[in-house]
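Visitor: What follows is my_file.csv, made up of CSV, C-alpha atoms:
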chain,number,residue,atom,x,y,z
A,1,MET,CA,-5.2,-13.0,1.0
A,2,ASN,CA,-6.0,-16.4,-0.4
A,3,PHE,CA,-5.5,-16.0,-4.2
A,4,GLU,CA,-6.9,-19.4,-5.0
A,5,LEU,CA,-10.4,-18.3,-4.2
A,6,LEU,CA,-10.2,-15.5,-6.8
A,7,LYS,CA,-9.0,-17.7,-9.7
A,8,LYS,CA,-11.4,-17.5,-12.6
A,9,GLU,CA,-11.6,-21.2,-12.9
A,10,ASN,CA,-12.6,-21.5,-9.3
A,11,ILE,CA,-15.3,-18.9,-9.7
A,12,LEU,CA,-16.5,-20.6,-12.9
A,13,HIS,CA,-16.7,-23.9,-10.9
A,14,ASP,CA,-19.0,-22.1,-8.5
A,15,TYR,CA,-21.3,-21.3,-11.4
A,16,GLU,CA,-21.3,-25.0,-12.4
A,17,GLN,CA,-22.4,-25.9,-8.9
A,18,VAL,CA,-25.1,-23.2,-9.0
A,19,ARG,CA,-26.4,-24.7,-12.3
A,20,LEU,CA,-26.5,-28.2,-10.8
A,21,ARG,CA,-28.2,-27.0,-7.6
A,22,ASN,CA,-30.9,-25.2,-9.6
A,23,LYS,CA,-31.4,-28.1,-11.9
A,24,ARG,CA,-32.0,-30.3,-8.9
A,25,ARG,CA,-34.4,-27.8,-7.5
A,26,LEU,CA,-36.4,-27.8,-10.8
A,27,GLN,CA,-36.4,-31.6,-10.8
A,28,GLU,CA,-37.8,-31.6,-7.3
A,29,ARG,CA,-40.5,-29.1,-8.3
A,30,GLN,CA,-41.4,-31.3,-11.3
A,31,GLU,CA,-41.7,-34.4,-9.2
A,32,GLU,CA,-43.9,-32.5,-6.7
A,33,ILE,CA,-46.2,-31.2,-9.5
A,34,TYR,CA,-46.4,-34.4,-11.4
A,35,ALA,CA,-47.6,-36.2,-8.3
A,36,LYS,CA,-50.2,-33.6,-7.5
A,37,ILE,CA,-51.3,-32.6,-11.1
A,38,PRO,CA,-50.6,-35.5,-13.5
A,39,GLU,CA,-52.2,-33.6,-16.4
A,40,ILE,CA,-49.2,-31.2,-16.4
A,41,LYS,CA,-46.8,-34.1,-17.0
A,42,GLN,CA,-48.9,-35.3,-19.9
A,43,LEU,CA,-49.0,-31.8,-21.4
A,44,GLN,CA,-45.2,-31.3,-21.1
A,45,SER,CA,-44.6,-34.7,-22.6
A,46,GLU,CA,-46.8,-33.8,-25.6
A,47,ASN,CA,-44.8,-30.6,-26.1
A,48,LYS,CA,-41.5,-32.4,-26.0
A,49,LEU,CA,-42.6,-35.2,-28.4
A,50,SER,CA,-43.9,-32.7,-30.9
A,51,TYR,CA,-40.6,-30.8,-31.0
A,52,ILE,CA,-38.7,-34.1,-31.4
A,53,ALA,CA,-41.1,-35.1,-34.3
A,54,LEU,CA,-40.6,-31.7,-35.9
A,55,ALA,CA,-36.8,-32.0,-35.6
A,56,LYS,CA,-36.8,-35.5,-37.2
A,57,LYS,CA,-38.9,-34.3,-40.2
A,58,LYS,CA,-36.6,-31.3,-40.7
A,59,ALA,CA,-33.6,-33.6,-40.6
A,60,LEU,CA,-35.1,-35.9,-43.2
A,61,GLY,CA,-36.2,-33.0,-45.4
A,62,GLN,CA,-39.9,-33.8,-44.9
A,63,ALA,CA,-42.6,-31.1,-44.8
A,64,ALA,CA,-44.0,-30.2,-41.4
A,65,ASP,CA,-46.7,-27.9,-40.3
A,66,THR,CA,-44.6,-25.8,-37.8
A,67,GLN,CA,-47.4,-23.3,-37.2
A,68,GLU,CA,-49.8,-26.0,-36.1
A,69,ILE,CA,-47.2,-27.5,-33.7
A,70,SER,CA,-46.4,-24.1,-32.4
A,71,ASN,CA,-50.0,-23.2,-31.7
A,72,GLN,CA,-50.6,-26.6,-30.0
A,73,ASN,CA,-47.6,-26.1,-27.8
A,74,ARG,CA,-48.6,-22.6,-26.8
A,75,SER,CA,-52.1,-23.9,-25.9
A,76,ASN,CA,-50.5,-26.7,-23.8
A,77,SER,CA,-48.3,-24.2,-22.1
A,78,ALA,CA,-51.2,-21.9,-21.3
A,79,ARG,CA,-53.1,-24.8,-19.9
A,80,ILE,CA,-50.1,-25.7,-17.7
A,81,GLN,CA,-50.0,-22.2,-16.2
A,82,GLU,CA,-53.7,-22.3,-15.6
A,83,LEU,CA,-53.4,-25.6,-13.7
A,84,LEU,CA,-50.5,-24.2,-11.6
A,85,LEU,CA,-52.4,-21.1,-10.7
A,86,THR,CA,-55.6,-23.1,-9.9
A,87,HIS,CA,-53.6,-25.3,-7.4
A,88,GLY,CA,-52.0,-22.3,-5.7
A,89,TYR,CA,-48.6,-22.3,-7.5
A,90,PRO,CA,-47.0,-19.4,-9.5
A,91,ALA,CA,-47.4,-19.6,-13.2
A,92,THR,CA,-43.6,-19.7,-13.6
A,93,TYR,CA,-43.1,-22.6,-11.0
A,94,LEU,CA,-41.9,-25.0,-13.6
A,95,GLU,CA,-39.7,-22.6,-15.6
A,96,PRO,CA,-35.8,-22.9,-15.4
A,97,ILE,CA,-34.4,-21.5,-12.1
A,98,TYR,CA,-31.5,-19.1,-12.3
A,99,ASP,CA,-29.5,-17.2,-9.6
A,100,CYS,CA,-28.8,-14.6,-12.3
A,101,PRO,CA,-31.5,-14.4,-15.0
A,102,VAL,CA,-29.3,-12.0,-17.0
A,103,CYS,CA,-26.6,-14.6,-17.9
A,104,LYS,CA,-28.6,-17.7,-16.8
A,105,ASP,CA,-25.7,-18.6,-14.5
A,106,LEU,CA,-23.2,-18.9,-17.3
A,107,ALA,CA,-21.1,-15.9,-16.2
A,108,TYR,CA,-21.1,-14.3,-19.6
A,109,VAL,CA,-23.6,-12.4,-21.8
A,110,ASP,CA,-22.8,-11.9,-25.5
A,111,GLY,CA,-19.1,-12.7,-24.7
A,112,LYS,CA,-18.8,-10.2,-21.9
A,113,VAL,CA,-18.5,-10.8,-18.2
A,114,CYS,CA,-21.8,-10.5,-16.4
A,115,ALA,CA,-22.1,-8.2,-13.4
A,116,CYS,CA,-22.8,-11.2,-11.2
A,117,PHE,CA,-19.3,-12.5,-12.0
A,118,GLU,CA,-17.8,-9.4,-10.5
A,119,ARG,CA,-20.1,-9.7,-7.4
A,120,ARG,CA,-18.8,-13.3,-6.9
A,121,ILE,CA,-15.2,-12.0,-6.9
A,122,VAL,CA,-16.2,-9.5,-4.2
A,123,ASP,CA,-18.1,-12.1,-2.2
A,124,ALA,CA,-15.1,-14.4,-2.2
A,125,LEU,CA,-12.9,-11.5,-1.1
A,126,TYR,CA,-15.4,-10.6,1.7
A,127,ARG,CA,-15.7,-14.2,2.9
A,128,GLN,CA,-12.0,-14.5,3.5
A,129,SER,CA,-11.6,-11.1,5.1
A,130,ASN,CA,-14.6,-11.6,7.4
A,131,MET,CA,-16.2,-8.5,6.0
A,132,THR,CA,-19.7,-10.0,5.8
A,133,GLN,CA,-19.8,-10.4,9.6
A,134,VAL,CA,-18.3,-7.0,10.1
A,135,LEU,CA,-21.0,-5.3,7.9
A,136,ASP,CA,-23.7,-7.1,9.9
A,137,SER,CA,-22.6,-5.4,13.1
A,138,GLU,CA,-21.3,-2.0,11.7
A,139,ASN,CA,-24.0,-0.3,9.7
A,140,PHE,CA,-26.3,2.8,9.9
A,141,ASP,CA,-28.6,1.0,12.4
A,142,THR,CA,-25.7,0.6,14.9
A,143,PHE,CA,-23.9,3.9,14.4
A,144,ASP,CA,-24.1,5.7,17.7
A,145,LEU,CA,-23.7,9.4,17.9
A,146,ASP,CA,-23.7,9.3,21.7
A,147,TYR,CA,-20.0,8.6,21.7
A,148,TYR,CA,-19.3,12.1,20.5
A,149,SER,CA,-19.2,14.9,23.1
A,150,HIS,CA,-21.7,17.8,23.0
A,151,THR,CA,-19.0,20.2,24.4
A,152,ILE,CA,-15.9,21.7,22.9
A,153,PRO,CA,-12.8,21.4,25.1
A,154,GLU,CA,-11.1,24.7,25.9
A,155,ASN,CA,-7.8,23.7,24.2
A,156,ARG,CA,-9.6,23.0,20.9
A,157,ASN,CA,-10.5,25.6,18.3
A,158,TRP,CA,-13.4,23.5,16.8
A,159,SER,CA,-16.3,25.6,15.5
A,160,VAL,CA,-18.9,23.0,16.6
A,161,SER,CA,-18.9,20.2,19.1
A,162,PRO,CA,-17.8,16.6,18.1
A,163,TYR,CA,-21.5,15.6,18.4
A,164,ASP,CA,-22.8,18.3,16.0
A,165,ASN,CA,-19.9,17.7,13.6
A,166,ALA,CA,-20.4,13.9,13.6
A,167,LYS,CA,-24.2,14.4,13.1
A,168,ASN,CA,-23.5,16.6,10.1
A,169,VAL,CA,-20.9,14.1,8.7
A,170,LEU,CA,-23.5,11.3,9.1
A,171,HIS,CA,-26.1,13.4,7.2
A,172,LEU,CA,-23.7,14.0,4.3
A,173,VAL,CA,-22.8,10.3,4.2
A,174,HIS,CA,-26.5,9.4,4.1
A,175,ARG,CA,-26.9,11.9,1.2
A,176,PHE,CA,-24.0,10.3,-0.6
A,177,VAL,CA,-25.6,6.8,-0.3
A,178,ASN,CA,-29.0,8.2,-1.5
A,179,THR,CA,-27.4,9.6,-4.7
A,180,PHE,CA,-26.8,6.0,-5.8
A,181,ALA,CA,-30.6,5.5,-6.1
A,182,THR,CA,-31.1,8.6,-8.3
A,183,GLN,CA,-27.9,8.8,-10.5
A,184,ASP,CA,-26.1,6.2,-12.6
A,185,THR,CA,-22.7,8.1,-12.6
A,186,GLU,CA,-21.1,11.1,-11.1
A,187,ARG,CA,-22.4,10.2,-7.6
A,188,GLY,CA,-19.5,11.9,-5.9
A,189,ASN,CA,-16.6,10.8,-3.7
A,190,LEU,CA,-15.8,11.0,0.0
A,191,LEU,CA,-12.6,11.5,2.0
A,192,LEU,CA,-13.1,10.7,5.7
A,193,TYR,CA,-10.2,11.8,7.9
A,194,GLY,CA,-9.4,12.2,11.6
A,195,GLU,CA,-7.4,10.6,14.4
A,196,THR,CA,-7.6,6.9,15.2
A,197,GLY,CA,-10.8,5.5,16.8
A,198,LEU,CA,-13.3,8.1,15.7
A,199,GLY,CA,-15.6,6.0,13.5
A,200,LYS,CA,-14.2,6.5,10.0
A,201,THR,CA,-13.9,2.8,9.2
A,202,PHE,CA,-17.3,2.3,10.9
A,203,LEU,CA,-18.8,4.9,8.5
A,204,THR,CA,-17.2,3.3,5.4
A,205,ASN,CA,-18.7,0.0,6.5
A,206,CYS,CA,-22.1,1.7,6.8
A,207,ILE,CA,-21.8,3.0,3.3
A,208,ALA,CA,-20.7,-0.4,1.9
A,209,LYS,CA,-23.5,-2.3,3.8
A,210,ALA,CA,-26.2,0.1,2.6
A,211,LEU,CA,-25.2,0.0,-1.1
A,212,LEU,CA,-24.6,-3.8,-1.1
A,213,ASP,CA,-28.1,-4.2,0.3
A,214,GLU,CA,-29.4,-2.2,-2.6
A,215,GLY,CA,-27.6,-4.4,-5.1
A,216,HIS,CA,-24.8,-2.0,-6.0
A,217,THR,CA,-21.3,-3.3,-6.7
A,218,VAL,CA,-18.9,-2.3,-3.9
A,219,LEU,CA,-15.3,-3.3,-3.6
A,220,TYR,CA,-13.8,-2.7,-0.1
A,221,LEU,CA,-10.1,-3.0,0.4
A,222,SER,CA,-7.7,-1.7,3.0
A,223,ALA,CA,-4.9,0.4,1.6
A,224,ASN,CA,-2.4,-2.3,2.4
A,225,ASP,CA,-4.4,-5.0,0.6
A,226,LEU,CA,-4.9,-2.7,-2.4
A,227,PHE,CA,-1.3,-1.7,-3.0
A,228,GLU,CA,0.7,-4.6,-1.6
A,229,GLN,CA,-1.6,-7.6,-2.1
A,230,VAL,CA,-3.5,-6.7,-5.3
A,231,PHE,CA,-1.3,-4.2,-7.2
A,232,GLY,CA,1.9,-5.6,-5.9
A,233,GLN,CA,1.1,-9.3,-6.5
A,234,TYR,CA,-0.6,-8.8,-9.8
A,235,LEU,CA,1.7,-6.3,-11.5
A,236,MET,CA,5.0,-7.2,-9.8
A,237,ASN,CA,4.6,-10.9,-9.1
A,238,LYS,CA,2.3,-11.7,-12.0
A,239,LYS,CA,-0.4,-13.3,-9.9
A,240,LEU,CA,-2.8,-13.7,-12.9
A,241,GLU,CA,-5.6,-15.0,-10.7
A,242,LEU,CA,-6.0,-11.4,-9.6
A,243,GLU,CA,-6.7,-10.1,-13.1
A,244,GLU,CA,-10.5,-9.8,-12.6
A,245,LEU,CA,-10.1,-8.2,-9.2
A,246,TYR,CA,-7.6,-5.8,-10.7
A,247,LYS,CA,-10.1,-4.7,-13.4
A,248,TYR,CA,-12.8,-4.4,-10.8
A,249,ILE,CA,-10.7,-1.8,-8.9
A,250,TYR,CA,-11.4,0.5,-11.8
A,251,ASN,CA,-14.9,-0.6,-12.8
A,252,SER,CA,-16.9,-1.3,-9.6
A,253,GLU,CA,-19.6,1.2,-8.8
A,254,LEU,CA,-18.0,2.1,-5.5
A,255,LEU,CA,-14.4,1.5,-4.4
A,256,VAL,CA,-13.7,1.9,-0.7
A,257,ILE,CA,-10.0,2.4,0.3
A,258,ASP,CA,-9.8,2.1,4.1
A,259,ASP,CA,-6.9,3.3,6.2
A,260,LEU,CA,-4.9,5.2,3.5
A,261,GLY,CA,-1.5,5.8,4.9
A,262,THR,CA,-1.0,2.5,6.6
A,263,GLU,CA,0.6,1.0,3.5
A,264,THR,CA,4.3,1.4,2.7
A,265,THR,CA,4.3,4.6,0.7
A,266,ASN,CA,6.7,4.8,-2.3
A,267,ALA,CA,6.7,6.0,-5.9
A,268,PHE,CA,4.8,2.9,-7.0
A,269,VAL,CA,2.1,3.4,-4.5
A,270,CYS,CA,1.7,7.1,-5.3
A,271,SER,CA,1.6,6.3,-9.0
A,272,LYS,CA,-1.1,3.7,-8.6
A,273,LEU,CA,-3.1,5.8,-6.2
A,274,PHE,CA,-3.2,8.7,-8.7
A,275,GLU,CA,-4.1,6.3,-11.5
A,276,VAL,CA,-7.1,4.9,-9.5
A,277,ILE,CA,-8.4,8.3,-8.3
A,278,ASN,CA,-8.0,9.8,-11.8
A,279,GLN,CA,-9.3,6.9,-13.9
A,280,ARG,CA,-12.3,6.3,-11.7
A,281,GLY,CA,-13.0,10.1,-11.7
A,282,LEU,CA,-12.9,10.2,-15.5
A,283,THR,CA,-15.4,7.3,-15.8
A,284,GLY,CA,-17.8,8.7,-13.1
A,285,LYS,CA,-17.1,5.9,-10.7
A,286,SER,CA,-17.3,6.7,-7.0
A,287,THR,CA,-14.5,6.3,-4.4
A,288,VAL,CA,-14.6,6.6,-0.6
A,289,ILE,CA,-11.2,6.9,1.2
A,290,SER,CA,-10.6,6.9,5.0
A,291,THR,CA,-7.4,7.9,6.6
A,292,ASN,CA,-5.8,8.8,10.0
A,293,LEU,CA,-3.7,11.4,8.3
A,294,SER,CA,-4.4,15.1,8.3
A,295,MET,CA,-4.7,17.0,5.1
A,296,LYS,CA,-1.2,18.4,5.6
A,297,GLU,CA,0.2,14.9,6.2
A,298,LEU,CA,-1.6,13.6,3.1
A,299,GLN,CA,0.0,16.3,0.9
A,300,GLU,CA,3.4,15.6,2.4
A,301,ARG,CA,3.2,11.8,2.0
A,302,TYR,CA,1.6,11.7,-1.5
A,303,SER,CA,1.8,14.3,-4.3
A,304,GLU,CA,0.4,17.6,-5.2
A,305,ARG,CA,-1.5,16.2,-8.1
A,306,ILE,CA,-3.2,13.6,-5.9
A,307,MET,CA,-4.2,16.2,-3.4
A,308,SER,CA,-5.5,18.5,-6.2
A,309,ARG,CA,-7.7,15.6,-7.5
A,310,ILE,CA,-9.1,15.0,-4.0
A,311,ILE,CA,-9.8,18.7,-3.3
A,312,GLU,CA,-11.3,19.0,-6.7
A,313,ARG,CA,-13.5,15.9,-6.8
A,314,TYR,CA,-14.1,14.8,-3.2
A,315,THR,CA,-16.3,15.9,-0.3
A,316,VAL,CA,-13.8,16.1,2.5
A,317,LEU,CA,-15.2,15.2,6.0
A,318,GLN,CA,-13.4,15.3,9.3
A,319,LEU,CA,-14.3,13.4,12.4
A,320,TYR,CA,-12.9,14.6,15.8
A,321,GLY,CA,-13.5,14.0,19.4
A,322,GLU,CA,-12.4,11.3,22.0
A,323,ASN,CA,-11.2,7.9,20.9
A,324,ILE,CA,-14.4,5.7,20.7
A,325,ARG,CA,-12.5,2.5,21.0
A,326,TYR,CA,-11.0,3.8,24.3
A,327,GLN,CA,-14.5,4.8,25.5
A,328,LYS,CA,-15.9,1.3,24.7
A,329,ARG,CA,-13.0,-0.4,26.4
A,330,LYS,CA,-13.3,1.8,29.4
A,331,LYS,CA,-17.0,1.0,29.6
A,332,GLU,CA,-16.4,-2.7,29.4
A,333,MET,CA,-13.8,-2.6,32.2
A,334,ILE,CA,-16.2,-0.6,34.5
A,335,GLN,CA,-19.0,-3.1,33.8
A,336,GLY,CA,-16.6,-6.0,34.4
A,337,SER,CA,-15.5,-4.6,37.7
A,338,LYS,CA,-19.1,-4.5,38.9
A,339,LEU,CA,-19.6,-8.2,38.3
Would you give me this structure, written as structure tokens?
Guide:
Amino acid sequence: MNFELLKKENILHDYEQVRLRNKRRLQERQEEIYAKIPEIKQLQSENKLSYIALAKKKALGQAADTQEISNQNRSNSARIQELLLTHGYPATYLEPIYDCPVCKDLAYVDGKVCACFERRIVDALYRQSNMTQVLDSENFDTFDLDYYSHTIPENRNWSVSPYDNAKNVLHLVHRFVNTFATQDTERGNLLLYGETGLGKTFLTNCIAKALLDEGHTVLYLSANDLFEQVFGQYLMNKKLELEELYKYIYNSELLVIDDLGTETTNAFVCSKLFEVINQRGLTGKSTVISTNLSMKELQERYSERIMSRIIERYTVLQLYGENIRYQKRKKEMIQGSKL
């Protein structure tokens, strides 16, 4: 993980670049409009000069008719909007341009970090982990139920076929995503478990993609990155550039922990996992966890109190069937042999 990209000063520098870019865009718009509609330039100039004259009089302690100036400026502004609309432009075409109208690309609102700042941290994280490209290819539109068998093998005691089970899991995952549109908190949590190559990570990517597209804040981390790269580096090695990301683990609308069990498990990891699950549960934040471990293995590796929180607060979904990665590889080899 490249910690430099997550430093606050680097992200604030990005904001500066955004402000400069939008300032240039506004200047280009002004030049375009002034060339096509010269009257607008004259009206804006009158407004600017009247404010300057008013400021000078106030500075010198002289009386000024502020109401008259205000009325004239409003009249000029209304005329500008009328001219823009008449020539086929939006009435707001010459207003300041912001990527984030909430903080006006300043990163802070009333001294507090804007939500867009948190999204920039996640964007930086996704860029370096290639998540953006992954989510483009692994989403609900590309999830294929045909990889799950319609039959139950004789040596398995499954109550339904892998296909019917996966279809039900997919339905519940869709329902989980849909709750984000109707509820602000207490949207629920998911635990996806099953053997390797059955589509658990694919489904977590589907969830992340769908919610990101709707504008929700989603932090996606592998268990190894969460515990060894973020918690380990921030708490143990004092990597202060991870401070905002550390906070975001607890505050993001959705936290996805992928491949729980692949990290080196110890007392520190168990402690932080419980803290994350418990704290996010108390504040109504949603968490999705995927793991190759069975429920019995989870209980043996972690702790009773972690399992009790999961059983209490999570919808537990199991995927089973034949390894999809193996099926895809087998299909590729067969197609290749035919060439």
Visitor: Could you check which residues have any atom within 12 Å of (-24.2, 17.6, 13.0), counting all atoms listed in the file with coordinates taken straight from the file, and then list them as a PyMOL selection string?
Guide: chain A and resi 145+148-150+159-173+317-319
Visitor: Please produce a file of the residues just selected, as a PDB file, in the coordinates of the input, where the atoms kept are C-alpha atoms.
Guide:
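Output contents, as saved in out22.pdb:
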ATOM      1  CA  LEU A 145     -23.700   9.400  17.900  1.00  0.00           C
ATOM      2  CA  TYR A 148     -19.300  12.100  20.500  1.00  0.00           C
ATOM      3  CA  SER A 149     -19.200  14.900  23.100  1.00  0.00           C
ATOM      4  CA  HIS A 150     -21.700  17.800  23.000  1.00  0.00           C
ATOM      5  CA  SER A 159     -16.300  25.600  15.500  1.00  0.00           C
ATOM      6  CA  VAL A 160     -18.900  23.000  16.600  1.00  0.00           C
ATOM      7  CA  SER A 161     -18.900  20.200  19.100  1.00  0.00           C
ATOM      8  CA  PRO A 162     -17.800  16.600  18.100  1.00  0.00           C
ATOM      9  CA  TYR A 163     -21.500  15.600  18.400  1.00  0.00           C
ATOM     10  CA  ASP A 164     -22.800  18.300  16.000  1.00  0.00           C
ATOM     11  CA  ASN A 165     -19.900  17.700  13.600  1.00  0.00           C
ATOM     12  CA  ALA A 166     -20.400  13.900  13.600  1.00  0.00           C
ATOM     13  CA  LYS A 167     -24.200  14.400  13.100  1.00  0.00           C
ATOM     14  CA  ASN A 168     -23.500  16.600  10.100  1.00  0.00           C
ATOM     15  CA  VAL A 169     -20.900  14.100   8.700  1.00  0.00           C
ATOM     16  CA  LEU A 170     -23.500  11.300   9.100  1.00  0.00           C
ATOM     17  CA  HIS A 171     -26.100  13.400   7.200  1.00  0.00           C
ATOM     18  CA  LEU A 172     -23.700  14.000   4.300  1.00  0.00           C
ATOM     19  CA  VAL A 173     -22.800  10.300   4.200  1.00  0.00           C
ATOM     20  CA  LEU A 317     -15.200  15.200   6.000  1.00  0.00           C
ATOM     21  CA  GLN A 318     -13.400  15.300   9.300  1.00  0.00           C
ATOM     22  CA  LEU A 319     -14.300  13.400  12.400  1.00  0.00           C
TER      23      LEU A 319
END
Visitor: Pick the closest to A:Tyr108 from A:Phe227, A:Tyr320, A:Tyr15, A:Tyr250: which is it, counting all atoms listed in the file?
Guide: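 Using all atoms listed in the file, the shortest distance to A:Tyr108 belongs to A:Tyr15.
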Visitor: Show which residues sit within 12 Å of stretch 77-81 of chain A, as an MDAnalysis selection string. Count all atoms listed in the file, and ignore same-chain residues fewer than 6 positions away.
Guide: chainID A and resid 33:34 37:48 70:71 87:95
Visitor: Next, dump the selected residues to file, keeping only C-alpha atoms, as a PDB file, keeping the file's coordinate frame.
Guide:
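File part.pdb, as written:
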ATOM      1  CA  ILE A  33     -46.200 -31.200  -9.500  1.00  0.00           C
ATOM      2  CA  TYR A  34     -46.400 -34.400 -11.400  1.00  0.00           C
ATOM      3  CA  ILE A  37     -51.300 -32.600 -11.100  1.00  0.00           C
ATOM      4  CA  PRO A  38     -50.600 -35.500 -13.500  1.00  0.00           C
ATOM      5  CA  GLU A  39     -52.200 -33.600 -16.400  1.00  0.00           C
ATOM      6  CA  ILE A  40     -49.200 -31.200 -16.400  1.00  0.00           C
ATOM      7  CA  LYS A  41     -46.800 -34.100 -17.000  1.00  0.00           C
ATOM      8  CA  GLN A  42     -48.900 -35.300 -19.900  1.00  0.00           C
ATOM      9  CA  LEU A  43     -49.000 -31.800 -21.400  1.00  0.00           C
ATOM     10  CA  GLN A  44     -45.200 -31.300 -21.100  1.00  0.00           C
ATOM     11  CA  SER A  45     -44.600 -34.700 -22.600  1.00  0.00           C
ATOM     12  CA  GLU A  46     -46.800 -33.800 -25.600  1.00  0.00           C
ATOM     13  CA  ASN A  47     -44.800 -30.600 -26.100  1.00  0.00           C
ATOM     14  CA  LYS A  48     -41.500 -32.400 -26.000  1.00  0.00           C
ATOM     15  CA  SER A  70     -46.400 -24.100 -32.400  1.00  0.00           C
ATOM     16  CA  ASN A  71     -50.000 -23.200 -31.700  1.00  0.00           C
ATOM     17  CA  HIS A  87     -53.600 -25.300  -7.400  1.00  0.00           C
ATOM     18  CA  GLY A  88     -52.000 -22.300  -5.700  1.00  0.00           C
ATOM     19  CA  TYR A  89     -48.600 -22.300  -7.500  1.00  0.00           C
ATOM     20  CA  PRO A  90     -47.000 -19.400  -9.500  1.00  0.00           C
ATOM     21  CA  ALA A  91     -47.400 -19.600 -13.200  1.00  0.00           C
ATOM     22  CA  THR A  92     -43.600 -19.700 -13.600  1.00  0.00           C
ATOM     23  CA  TYR A  93     -43.100 -22.600 -11.000  1.00  0.00           C
ATOM     24  CA  LEU A  94     -41.900 -25.000 -13.600  1.00  0.00           C
ATOM     25  CA  GLU A  95     -39.700 -22.600 -15.600  1.00  0.00           C
TER      26      GLU A  95
END
Visitor: For the point (-45.1, -35.0, -33.3) in file coordinates, what residues are within 12 Å, counting all atoms listed in the file? Give the answer as a PyMOL selection string?
Guide: chain A and resi 45-58+64-66+68-70+72-73
Visitor: I need the residues from that last selection saved to file as a PDB file, keeping the file's coordinate frame (with C-alpha atoms), if you can.
Guide:
ATOM      1  CA  SER A  45     -44.600 -34.700 -22.600  1.00  0.00           C
ATOM      2  CA  GLU A  46     -46.800 -33.800 -25.600  1.00  0.00           C
ATOM      3  CA  ASN A  47     -44.800 -30.600 -26.100  1.00  0.00           C
ATOM      4  CA  LYS A  48     -41.500 -32.400 -26.000  1.00  0.00           C
ATOM      5  CA  LEU A  49     -42.600 -35.200 -28.400  1.00  0.00           C
ATOM      6  CA  SER A  50     -43.900 -32.700 -30.900  1.00  0.00           C
ATOM      7  CA  TYR A  51     -40.600 -30.800 -31.000  1.00  0.00           C
ATOM      8  CA  ILE A  52     -38.700 -34.100 -31.400  1.00  0.00           C
ATOM      9  CA  ALA A  53     -41.100 -35.100 -34.300  1.00  0.00           C
ATOM     10  CA  LEU A  54     -40.600 -31.700 -35.900  1.00  0.00           C
ATOM     11  CA  ALA A  55     -36.800 -32.000 -35.600  1.00  0.00           C
ATOM     12  CA  LYS A  56     -36.800 -35.500 -37.200  1.00  0.00           C
ATOM     13  CA  LYS A  57     -38.900 -34.300 -40.200  1.00  0.00           C
ATOM     14  CA  LYS A  58     -36.600 -31.300 -40.700  1.00  0.00           C
ATOM     15  CA  ALA A  64     -44.000 -30.200 -41.400  1.00  0.00           C
ATOM     16  CA  ASP A  65     -46.700 -27.900 -40.300  1.00  0.00           C
ATOM     17  CA  THR A  66     -44.600 -25.800 -37.800  1.00  0.00           C
ATOM     18  CA  GLU A  68     -49.800 -26.000 -36.100  1.00  0.00           C
ATOM     19  CA  ILE A  69     -47.200 -27.500 -33.700  1.00  0.00           C
ATOM     20  CA  SER A  70     -46.400 -24.100 -32.400  1.00  0.00           C
ATOM     21  CA  GLN A  72     -50.600 -26.600 -30.000  1.00  0.00           C
ATOM     22  CA  ASN A  73     -47.600 -26.100 -27.800  1.00  0.00           C
TER      23      ASN A  73
END
Visitor: Report, in Å with one decimal, the straight-line distance from atom CA of A:Pro96 to atom CA of A:Thr217.
Guide: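 Atom CA of A:Thr217 lies 25.9 Å from atom CA of A:Pro96.
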Visitor: Using all atoms listed in the file for the distances, tell me which of A:Met307, A:Met131, A:Val109, A:Leu282 is nearest to A:Asn251.
Guide: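 Distance minimum relative to A:Asn251 lands on A:Leu282.
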Visitor: Just the residues within 7 Å of A:Asn292, please, counting all atoms listed in the file, with nothing from its chain fewer than 2 positions along; format it as a PyMOL selection string.
Guide: chain A and resi 193-196+259+294
